[in-house]
file run_1.pdb (PDB, C-alpha atoms)
ATOM      1  CA  MET A   1      91.870  96.071  98.266
ATOM      2  CA  ASN A   2      91.997  93.452  95.515
ATOM      3  CA  PHE A   3      92.262  90.727  98.158
ATOM      4  CA  ILE A   4      89.229  92.116  99.975
ATOM      5  CA  MET A   5      87.244  92.488  96.765
ATOM      6  CA  ARG A   6      87.975  88.899  95.695
ATOM      7  CA  ASN A   7      87.601  87.182  99.037
ATOM      8  CA  VAL A   8      85.047  89.185 100.972
ATOM      9  CA  LEU A   9      82.939  91.308  98.648
ATOM     10  CA  ALA A  10      82.596  88.622  95.984
ATOM     11  CA  ARG A  11      81.168  85.972  98.329
ATOM     12  CA  PRO A  12      77.870  84.625  97.027
ATOM     13  CA  GLN A  13      74.826  85.851  98.891
ATOM     14  CA  PRO A  14      72.646  83.277 100.637
ATOM     15  CA  MET A  15      69.623  82.120  98.668
ATOM     16  CA  CYS A  16      66.184  82.736 100.014
ATOM     17  CA  SER A  17      64.242  79.893 101.562
ATOM     18  CA  ALA A  18      62.149  77.599  99.401
ATOM     19  CA  VAL A  19      59.056  78.435 101.455
ATOM     20  CA  HIS A  20      59.576  82.132 100.920
ATOM     21  CA  CYS A  21      60.002  81.698  97.138
ATOM     22  CA  ALA A  22      56.956  79.427  96.922
ATOM     23  CA  VAL A  23      54.879  82.183  98.522
ATOM     24  CA  ALA A  24      56.311  84.628  96.000
ATOM     25  CA  ARG A  25      55.425  82.395  93.032
ATOM     26  CA  ARG A  26      51.814  82.005  94.204
ATOM     27  CA  SER A  27      51.292  85.693  94.879
ATOM     28  CA  ARG A  28      51.000  88.538  92.422
ATOM     29  CA  ALA A  29      53.788  90.373  94.234
ATOM     30  CA  ASP A  30      57.199  90.834  92.696
ATOM     31  CA  PRO A  31      59.008  87.519  93.425
ATOM     32  CA  LEU A  32      62.427  89.166  93.546
ATOM     33  CA  ARG A  33      61.272  91.583  96.187
ATOM     34  CA  LEU A  34      59.860  88.797  98.330
ATOM     35  CA  CYS A  35      62.951  86.602  97.958
ATOM     36  CA  LEU A  36      65.480  89.219  98.972
ATOM     37  CA  PRO A  37      65.912  90.041 102.637
ATOM     38  CA  ALA A  38      64.715  93.476 103.632
ATOM     39  CA  GLN A  39      67.674  95.792 104.082
ATOM     40  CA  ARG A  40      67.039  98.786 106.265
ATOM     41  CA  ARG A  41      70.322 100.554 106.726
ATOM     42  CA  LEU A  42      70.979 103.429 109.022
ATOM     43  CA  LEU A  43      73.690 104.619 106.610
ATOM     44  CA  HIS A  44      72.653 105.770 103.128
ATOM     45  CA  VAL A  45      74.363 106.762  99.879
ATOM     46  CA  GLY A  46      74.729 110.536  99.841
ATOM     47  CA  GLU A  47      74.909 110.827 103.619
ATOM     48  CA  ARG A  48      77.551 113.290 104.848
ATOM     49  CA  ALA A  49      79.402 114.112 108.039
ATOM     50  CA  SER A  50      82.127 116.602 108.934
ATOM     51  CA  LEU A  51      84.168 118.192 111.678
ATOM     52  CA  THR A  52      86.344 121.278 111.948
ATOM     53  CA  LYS A  53      89.735 121.658 113.639
ATOM     54  CA  ALA A  54      92.707 124.010 113.725
ATOM     55  CA  PHE A  55      95.977 122.263 114.624
ATOM     56  CA  SER A  56      98.290 124.169 116.957
ATOM     57  CA  SER A  57     102.086 123.970 117.158
ATOM     58  CA  ARG A  58     101.591 121.921 120.311
ATOM     59  CA  ASP A  59      99.353 119.416 118.446
ATOM     60  CA  VAL A  60     102.032 118.994 115.767
ATOM     61  CA  ALA A  61     104.810 118.631 118.371
ATOM     62  CA  LEU A  62     102.810 115.997 120.293
ATOM     63  CA  PHE A  63     102.156 114.075 117.069
ATOM     64  CA  ALA A  64     105.890 114.218 116.243
ATOM     65  CA  GLU A  65     106.730 112.935 119.721
ATOM     66  CA  LEU A  66     104.185 110.101 119.523
ATOM     67  CA  THR A  67     105.196 108.932 116.054
ATOM     68  CA  GLY A  68     108.863 109.845 115.908
ATOM     69  CA  ASP A  69     108.283 111.924 112.745
ATOM     70  CA  THR A  70     110.475 114.872 113.722
ATOM     71  CA  ASN A  71     110.901 116.250 110.195
ATOM     72  CA  PRO A  72     111.943 119.887 110.772
ATOM     73  CA  LEU A  73     109.478 120.992 108.080
ATOM     74  CA  HIS A  74     106.752 120.410 110.686
ATOM     75  CA  LEU A  75     108.569 121.639 113.799
ATOM     76  CA  ASP A  76     111.249 124.223 113.010
ATOM     77  CA  PRO A  77     110.176 127.640 111.673
ATOM     78  CA  ASP A  78     113.785 128.519 110.743
ATOM     79  CA  TYR A  79     114.103 125.373 108.647
ATOM     80  CA  ALA A  80     110.627 125.817 107.110
ATOM     81  CA  ARG A  81     111.620 129.337 105.933
ATOM     82  CA  THR A  82     114.278 127.718 103.713
ATOM     83  CA  THR A  83     111.614 125.656 101.886
ATOM     84  CA  SER A  84     108.892 126.535  99.411
ATOM     85  CA  PHE A  85     106.354 126.274 102.270
ATOM     86  CA  GLU A  86     108.057 129.149 104.199
ATOM     87  CA  THR A  87     106.410 128.143 107.496
ATOM     88  CA  PRO A  88     105.829 124.812 109.310
ATOM     89  CA  ILE A  89     103.098 122.568 107.929
ATOM     90  CA  VAL A  90     100.912 119.954 109.597
ATOM     91  CA  HIS A  91     101.855 116.287 109.060
ATOM     92  CA  GLY A  92      99.683 114.745 106.320
ATOM     93  CA  VAL A  93      98.926 111.721 108.467
ATOM     94  CA  LEU A  94      97.709 114.014 111.260
ATOM     95  CA  ILE A  95      95.275 115.594 108.782
ATOM     96  CA  ASN A  96      94.197 112.083 107.789
ATOM     97  CA  GLY A  97      93.495 111.415 111.464
ATOM     98  CA  LEU A  98      90.568 113.820 111.189
ATOM     99  CA  MET A  99      88.949 111.403 108.734
ATOM    100  CA  SER A 100      89.363 108.622 111.257
ATOM    101  CA  ALA A 101      87.551 110.840 113.775
ATOM    102  CA  VAL A 102      84.694 111.590 111.350
ATOM    103  CA  LEU A 103      84.282 107.923 110.404
ATOM    104  CA  GLY A 104      84.681 106.535 113.909
ATOM    105  CA  THR A 105      82.487 109.029 115.759
ATOM    106  CA  LYS A 106      79.980 110.438 113.279
ATOM    107  CA  MET A 107      79.491 108.285 110.175
ATOM    108  CA  PRO A 108      79.223 105.297 110.140
ATOM    109  CA  GLY A 109      80.259 105.797 113.771
ATOM    110  CA  ARG A 110      81.154 103.645 116.711
ATOM    111  CA  GLY A 111      82.377 100.192 115.756
ATOM    112  CA  CYS A 112      83.265 100.838 112.097
ATOM    113  CA  ILE A 113      86.510  99.330 110.827
ATOM    114  CA  PHE A 114      88.758 101.361 108.497
ATOM    115  CA  LEU A 115      89.912  98.836 105.848
ATOM    116  CA  TYR A 116      91.360 100.752 102.922
ATOM    117  CA  GLN A 117      92.280 104.256 101.881
ATOM    118  CA  GLU A 118      93.701 106.093  98.923
ATOM    119  CA  ILE A 119      94.540 109.704  99.686
ATOM    120  CA  ARG A 120      96.320 112.659  98.111
ATOM    121  CA  PHE A 121      97.653 115.909  99.586
ATOM    122  CA  PRO A 122      97.335 118.552  96.828
ATOM    123  CA  ALA A 123      98.196 121.517  99.102
ATOM    124  CA  PRO A 124      99.781 122.075 102.516
ATOM    125  CA  LEU A 125      97.896 122.696 105.747
ATOM    126  CA  TYR A 126      99.625 125.356 107.800
ATOM    127  CA  ILE A 127      99.598 125.349 111.578
ATOM    128  CA  GLY A 128      96.653 127.389 112.852
ATOM    129  CA  GLU A 129      94.522 127.096 109.695
ATOM    130  CA  GLU A 130      90.981 125.885 110.307
ATOM    131  CA  VAL A 131      90.406 122.719 108.282
ATOM    132  CA  VAL A 132      87.040 121.102 107.547
ATOM    133  CA  ALA A 133      87.124 117.296 107.238
ATOM    134  CA  GLU A 134      84.161 115.963 105.229
ATOM    135  CA  ALA A 135      83.012 112.482 104.277
ATOM    136  CA  GLU A 136      80.260 111.412 101.863
ATOM    137  CA  VAL A 137      78.967 107.873 101.317
ATOM    138  CA  LYS A 138      79.279 107.014  97.620
ATOM    139  CA  LYS A 139      78.388 103.311  97.608
ATOM    140  CA  ILE A 140      77.311 100.561  99.982
ATOM    141  CA  LYS A 141      77.949  96.910  99.193
ATOM    142  CA  MET A 142      77.005  94.308 101.774
ATOM    143  CA  SER A 143      78.637  95.449 105.027
ATOM    144  CA  PHE A 144      81.089  97.824 103.333
ATOM    145  CA  ALA A 145      80.743 101.559 102.760
ATOM    146  CA  PHE A 146      82.816 103.369 100.120
ATOM    147  CA  ILE A 147      83.284 106.975 101.192
ATOM    148  CA  ALA A 148      84.763 110.052  99.487
ATOM    149  CA  VAL A 149      86.811 112.175 101.880
ATOM    150  CA  THR A 150      88.150 115.727 101.717
ATOM    151  CA  CYS A 151      89.877 118.135 104.045
ATOM    152  CA  SER A 152      89.795 121.772 103.023
ATOM    153  CA  VAL A 153      90.635 125.272 104.184
ATOM    154  CA  LYS A 154      88.123 127.602 102.532
ATOM    155  CA  ASP A 155      88.537 126.756  98.807
ATOM    156  CA  LYS A 156      91.924 125.018  99.218
ATOM    157  CA  ILE A 157      91.863 121.186  99.269
ATOM    158  CA  VAL A 158      94.612 119.879 101.569
ATOM    159  CA  MET A 159      93.623 116.202 101.467
ATOM    160  CA  GLU A 160      91.253 114.162  99.289
ATOM    161  CA  GLY A 161      90.608 110.544  98.551
ATOM    162  CA  GLU A 162      88.485 107.470  99.019
ATOM    163  CA  VAL A 163      88.131 105.066 101.914
ATOM    164  CA  MET A 164      86.391 101.774 102.517
ATOM    165  CA  VAL A 165      85.026 100.896 105.935
ATOM    166  CA  MET A 166      83.241  97.890 107.344
ATOM    167  CA  MET A 167      80.061  99.153 108.953
ATOM    168  CA  PRO A 168      79.200  98.272 112.535
ATOM    169  CA  GLU A 169      76.761  95.362 112.855
ATOM    170  CA  ASP A 170      73.906  97.629 113.931
ATOM    171  CA  GLN A 171      74.302  99.491 110.602
ATOM    172  CA  GLN A 172      74.098  96.237 108.612
ATOM    173  CA  LYS A 173      70.893  94.621 109.875
ATOM    174  CA  PRO A 174      67.267  95.688 109.872
TER     175      PRO A 174
END

call {"tool": "encode", "arguments": {"input": "run_1.pdb", "output": "structure tokens"}}
result
Amino acid sequence: MNFIMRNVLARPQPMCSAVHCAVARRSRADPLRLCLPAQRRLLHVGERASLTKAFSSRDVALFAELTGDTNPLHLDPDYARTTSFETPIVHGVLINGLMSAVLGTKMPGRGCIFLYQEIRFPAPLYIGEEVVAEAEVKKIKMSFAFIAVTCSVKDKIVMEGEVMVMMPEDQQKP
């Protein structure tokens, strides 16, 4: 993220036109307001989106087949019984995939680019548990949205963190 912050987010913003500023100086209106381009975003700080899903044993097995992550903790009930989890758990990255679905289909939606994430898994998600994936916009800077994400089962947080996405062009322009 440091590279992105230095090289993309820190780029100077274009100056307003001399004609526009001259109009602002002659009028009684706020010159700053007249010199800055109007920003009407479809995405706003505080906006939220979510989805709900219960992963089946088949979902977990398909994910293991697709990725090659065949850790028996996810697939073998006999092995899982020998661990502190006692039963198979859903892959953390599969849980994280729900956030990709929320961001790519609901908010910001089609065309957003997932650039950065920092996530934690404070508790396991067991196969069959209904998980709610939620996202909330915390900050918008230029074409980037900084979003808090959580996945929870009732009062149990199974994933939490922060992501940064580049908003689709139609979310960036008036």

call {"tool": "atom_distance", "arguments": {"input": "run_1.pdb", "atom1": "atom CA of A:Arg110", "atom2": "atom CA of A:Ala49"}}
result
13.7 Å

call {"tool": "closest_residue", "arguments": {"input": "run_1.pdb", "among": "A:Val153, A:Met107, A:Ala148, A:Val132", "to": "A:Leu43", "atoms": "all atoms listed in the file"}}
result
A:Met107

call {"tool": "resolve_selection", "arguments": {"input": "run_1.pdb", "expression": "the PyMOL selection byres ((chain A and resi 64) around 12)", "output": "ChimeraX atom specification"}}
result
/A:57-63,65-76,90-94

call {"tool": "write_last_selection", "arguments": {"input": "run_1.pdb", "atoms": "C-alpha atoms", "output": "PDB file, in the coordinates of the input"}}
result
ATOM      1  CA  SER A  57     102.086 123.970 117.158  1.00  0.00           C
ATOM      2  CA  ARG A  58     101.591 121.921 120.311  1.00  0.00           C
ATOM      3  CA  ASP A  59      99.353 119.416 118.446  1.00  0.00           C
ATOM      4  CA  VAL A  60     102.032 118.994 115.767  1.00  0.00           C
ATOM      5  CA  ALA A  61     104.810 118.631 118.371  1.00  0.00           C
ATOM      6  CA  LEU A  62     102.810 115.997 120.293  1.00  0.00           C
ATOM      7  CA  PHE A  63     102.156 114.075 117.069  1.00  0.00           C
ATOM      8  CA  GLU A  65     106.730 112.935 119.721  1.00  0.00           C
ATOM      9  CA  LEU A  66     104.185 110.101 119.523  1.00  0.00           C
ATOM     10  CA  THR A  67     105.196 108.932 116.054  1.00  0.00           C
ATOM     11  CA  GLY A  68     108.863 109.845 115.908  1.00  0.00           C
ATOM     12  CA  ASP A  69     108.283 111.924 112.745  1.00  0.00           C
ATOM     13  CA  THR A  70     110.475 114.872 113.722  1.00  0.00           C
ATOM     14  CA  ASN A  71     110.901 116.250 110.195  1.00  0.00           C
ATOM     15  CA  PRO A  72     111.943 119.887 110.772  1.00  0.00           C
ATOM     16  CA  LEU A  73     109.478 120.992 108.080  1.00  0.00           C
ATOM     17  CA  HIS A  74     106.752 120.410 110.686  1.00  0.00           C
ATOM     18  CA  LEU A  75     108.569 121.639 113.799  1.00  0.00           C
ATOM     19  CA  ASP A  76     111.249 124.223 113.010  1.00  0.00           C
ATOM     20  CA  VAL A  90     100.912 119.954 109.597  1.00  0.00           C
ATOM     21  CA  HIS A  91     101.855 116.287 109.060  1.00  0.00           C
ATOM     22  CA  GLY A  92      99.683 114.745 106.320  1.00  0.00           C
ATOM     23  CA  VAL A  93      98.926 111.721 108.467  1.00  0.00           C
ATOM     24  CA  LEU A  94      97.709 114.014 111.260  1.00  0.00           C
TER      25      LEU A  94
END

call {"tool": "atom_distance", "arguments": {"input": "run_1.pdb", "atom1": "atom CA of A:Tyr126", "atom2": "atom CA of A:Glu47"}}
result
29.0 Å

call {"tool": "residues_near_point", "arguments": {"input": "run_1.pdb", "point": "(88.3, 112.2, 113.3)", "cutoff": "12 Å", "atoms": "all atoms listed in the file", "output": "VMD selection string"}}
result
chain A and resid 49 to 53 93 to 110 114 131 to 135 149 151

call {"tool": "resolve_selection", "arguments": {"input": "run_1.pdb", "expression": "the PyMOL selection byres ((chain A and resi 162) around 6)", "output": "ChimeraX atom specification"}}
result
/A:117-118,147-149,161,163

call {"tool": "resolve_selection", "arguments": {"input": "run_1.pdb", "expression": "the PyMOL selection byres ((chain A and resi 137) around 6)", "output": "PyMOL selection string"}}
result
chain A and resi 45-47+136+138-139+147

call {"tool": "atom_distance", "arguments": {"input": "run_1.pdb", "atom1": "atom CA of A:Arg48", "atom2": "atom CA of A:Gly128"}}
result
25.1 Å

call {"tool": "residues_around", "arguments": {"input": "run_1.pdb", "residues": "A:Ser143", "least_positions_apart": "2", "cutoff": "7 Å", "atoms": "all atoms listed in the file", "output": "PDB file with C-alpha atoms, in the frame of the given file"}}
result
ATOM      1  CA  LYS A 141      77.949  96.910  99.193  1.00  0.00           C
ATOM      2  CA  ALA A 145      80.743 101.559 102.760  1.00  0.00           C
ATOM      3  CA  MET A 166      83.241  97.890 107.344  1.00  0.00           C
ATOM      4  CA  MET A 167      80.061  99.153 108.953  1.00  0.00           C
ATOM      5  CA  GLN A 172      74.098  96.237 108.612  1.00  0.00           C
TER       6      GLN A 172
END

call {"tool": "closest_residue", "arguments": {"input": "run_1.pdb", "among": "A:Met164, A:Ala80, A:Leu42, A:Ile157", "to": "A:Phe121", "atoms": "all atoms listed in the file"}}
result
A:Ile157

call {"tool": "axis_aligned_box", "arguments": {"input": "run_1.pdb", "around": "stretch 136-153 of chain A", "padding_each_side": "8 Å", "output": "AutoDock Vina command-line options"}}
result
--center_x 83.8 --center_y 109.8 --center_z 101.3 --size_x 29.6 --size_y 47.0 --size_z 23.4

call {"tool": "residues_around", "arguments": {"input": "run_1.pdb", "residues": "A:Met159", "least_positions_apart": "3", "cutoff": "7 Å", "atoms": "all atoms listed in the file", "output": "number ranges by chain"}}
result
A: 119-122, 150-152

call {"tool": "build_atoms", "arguments": {"input": "run_1.pdb", "residues": "stretch 119-130 of chain A", "atoms": "all heavy atoms", "output": "short mmCIF file (atom, residue, chain, number, x, y, z; two decimals), in the frame of the given file"}}
result
data_model
loop_
_atom_site.label_atom_id
_atom_site.label_comp_id
_atom_site.auth_asym_id
_atom_site.auth_seq_id
_atom_site.Cartn_x
_atom_site.Cartn_y
_atom_site.Cartn_z
N ILE A 119 94.64 108.27 99.43
CA ILE A 119 94.54 109.70 99.69
C ILE A 119 95.65 110.47 98.98
O ILE A 119 96.70 109.91 98.66
CB ILE A 119 94.56 110.03 101.19
CG1 ILE A 119 95.80 109.42 101.87
CG2 ILE A 119 93.29 109.58 101.87
CD1 ILE A 119 95.96 109.82 103.32
N ARG A 120 95.38 111.74 98.75
CA ARG A 120 96.32 112.66 98.11
C ARG A 120 96.35 113.95 98.93
O ARG A 120 95.36 114.31 99.57
CB ARG A 120 95.87 112.98 96.69
CG ARG A 120 95.85 111.78 95.77
CD ARG A 120 95.08 112.04 94.46
NE ARG A 120 93.64 112.20 94.63
CZ ARG A 120 92.78 111.21 94.91
NH1 ARG A 120 93.21 109.99 95.11
NH2 ARG A 120 91.49 111.44 95.00
N PHE A 121 97.48 114.64 98.88
CA PHE A 121 97.65 115.91 99.59
C PHE A 121 98.02 116.99 98.57
O PHE A 121 99.20 117.29 98.38
CB PHE A 121 98.74 115.78 100.66
CG PHE A 121 98.41 114.75 101.71
CD1 PHE A 121 98.88 113.45 101.59
CD2 PHE A 121 97.63 115.07 102.79
CE1 PHE A 121 98.59 112.50 102.55
CE2 PHE A 121 97.32 114.13 103.76
CZ PHE A 121 97.79 112.84 103.64
N PRO A 122 97.04 117.59 97.90
CA PRO A 122 97.34 118.55 96.83
C PRO A 122 97.88 119.90 97.31
O PRO A 122 98.47 120.64 96.51
CB PRO A 122 96.00 118.73 96.12
CG PRO A 122 94.97 118.22 97.04
CD PRO A 122 95.62 117.27 97.99
N ALA A 123 97.70 120.24 98.58
CA ALA A 123 98.20 121.52 99.10
C ALA A 123 98.53 121.34 100.58
O ALA A 123 97.98 120.47 101.26
CB ALA A 123 97.14 122.60 98.91
N PRO A 124 99.40 122.20 101.11
CA PRO A 124 99.78 122.08 102.52
C PRO A 124 98.71 122.65 103.45
O PRO A 124 97.95 123.54 103.08
CB PRO A 124 101.06 122.91 102.61
CG PRO A 124 100.89 123.96 101.55
CD PRO A 124 100.16 123.26 100.42
N LEU A 125 98.70 122.12 104.67
CA LEU A 125 97.90 122.70 105.75
C LEU A 125 98.88 123.34 106.71
O LEU A 125 99.77 122.66 107.23
CB LEU A 125 97.08 121.62 106.47
CG LEU A 125 96.29 122.10 107.69
CD1 LEU A 125 95.22 123.12 107.29
CD2 LEU A 125 95.66 120.92 108.42
N TYR A 126 98.73 124.64 106.91
CA TYR A 126 99.62 125.36 107.80
C TYR A 126 99.08 125.33 109.22
O TYR A 126 97.86 125.30 109.43
CB TYR A 126 99.81 126.80 107.32
CG TYR A 126 100.54 126.86 106.00
CD1 TYR A 126 99.85 127.04 104.81
CD2 TYR A 126 101.93 126.72 105.95
CE1 TYR A 126 100.52 127.08 103.60
CE2 TYR A 126 102.61 126.76 104.74
CZ TYR A 126 101.89 126.93 103.57
OH TYR A 126 102.55 126.96 102.38
N ILE A 127 99.99 125.33 110.17
CA ILE A 127 99.60 125.35 111.58
C ILE A 127 98.70 126.57 111.83
O ILE A 127 98.99 127.67 111.37
CB ILE A 127 100.86 125.36 112.47
CG1 ILE A 127 101.59 124.02 112.31
CG2 ILE A 127 100.50 125.64 113.93
CD1 ILE A 127 102.95 123.95 112.95
N GLY A 128 97.60 126.32 112.52
CA GLY A 128 96.65 127.39 112.85
C GLY A 128 95.51 127.55 111.87
O GLY A 128 94.51 128.21 112.19
N GLU A 129 95.62 126.98 110.66
CA GLU A 129 94.52 127.10 109.70
C GLU A 129 93.37 126.19 110.13
O GLU A 129 93.58 125.06 110.57
CB GLU A 129 94.97 126.67 108.29
CG GLU A 129 95.85 127.67 107.60
CD GLU A 129 96.15 127.26 106.16
OE1 GLU A 129 96.65 126.14 105.94
OE2 GLU A 129 95.88 128.08 105.26
N GLU A 130 92.16 126.69 109.97
CA GLU A 130 90.98 125.88 110.31
C GLU A 130 90.63 124.99 109.12
O GLU A 130 90.33 125.49 108.04
CB GLU A 130 89.81 126.80 110.65
CG GLU A 130 88.62 126.05 111.20
CD GLU A 130 87.54 126.97 111.70
OE1 GLU A 130 86.74 127.43 110.87
OE2 GLU A 130 87.52 127.23 112.92
#
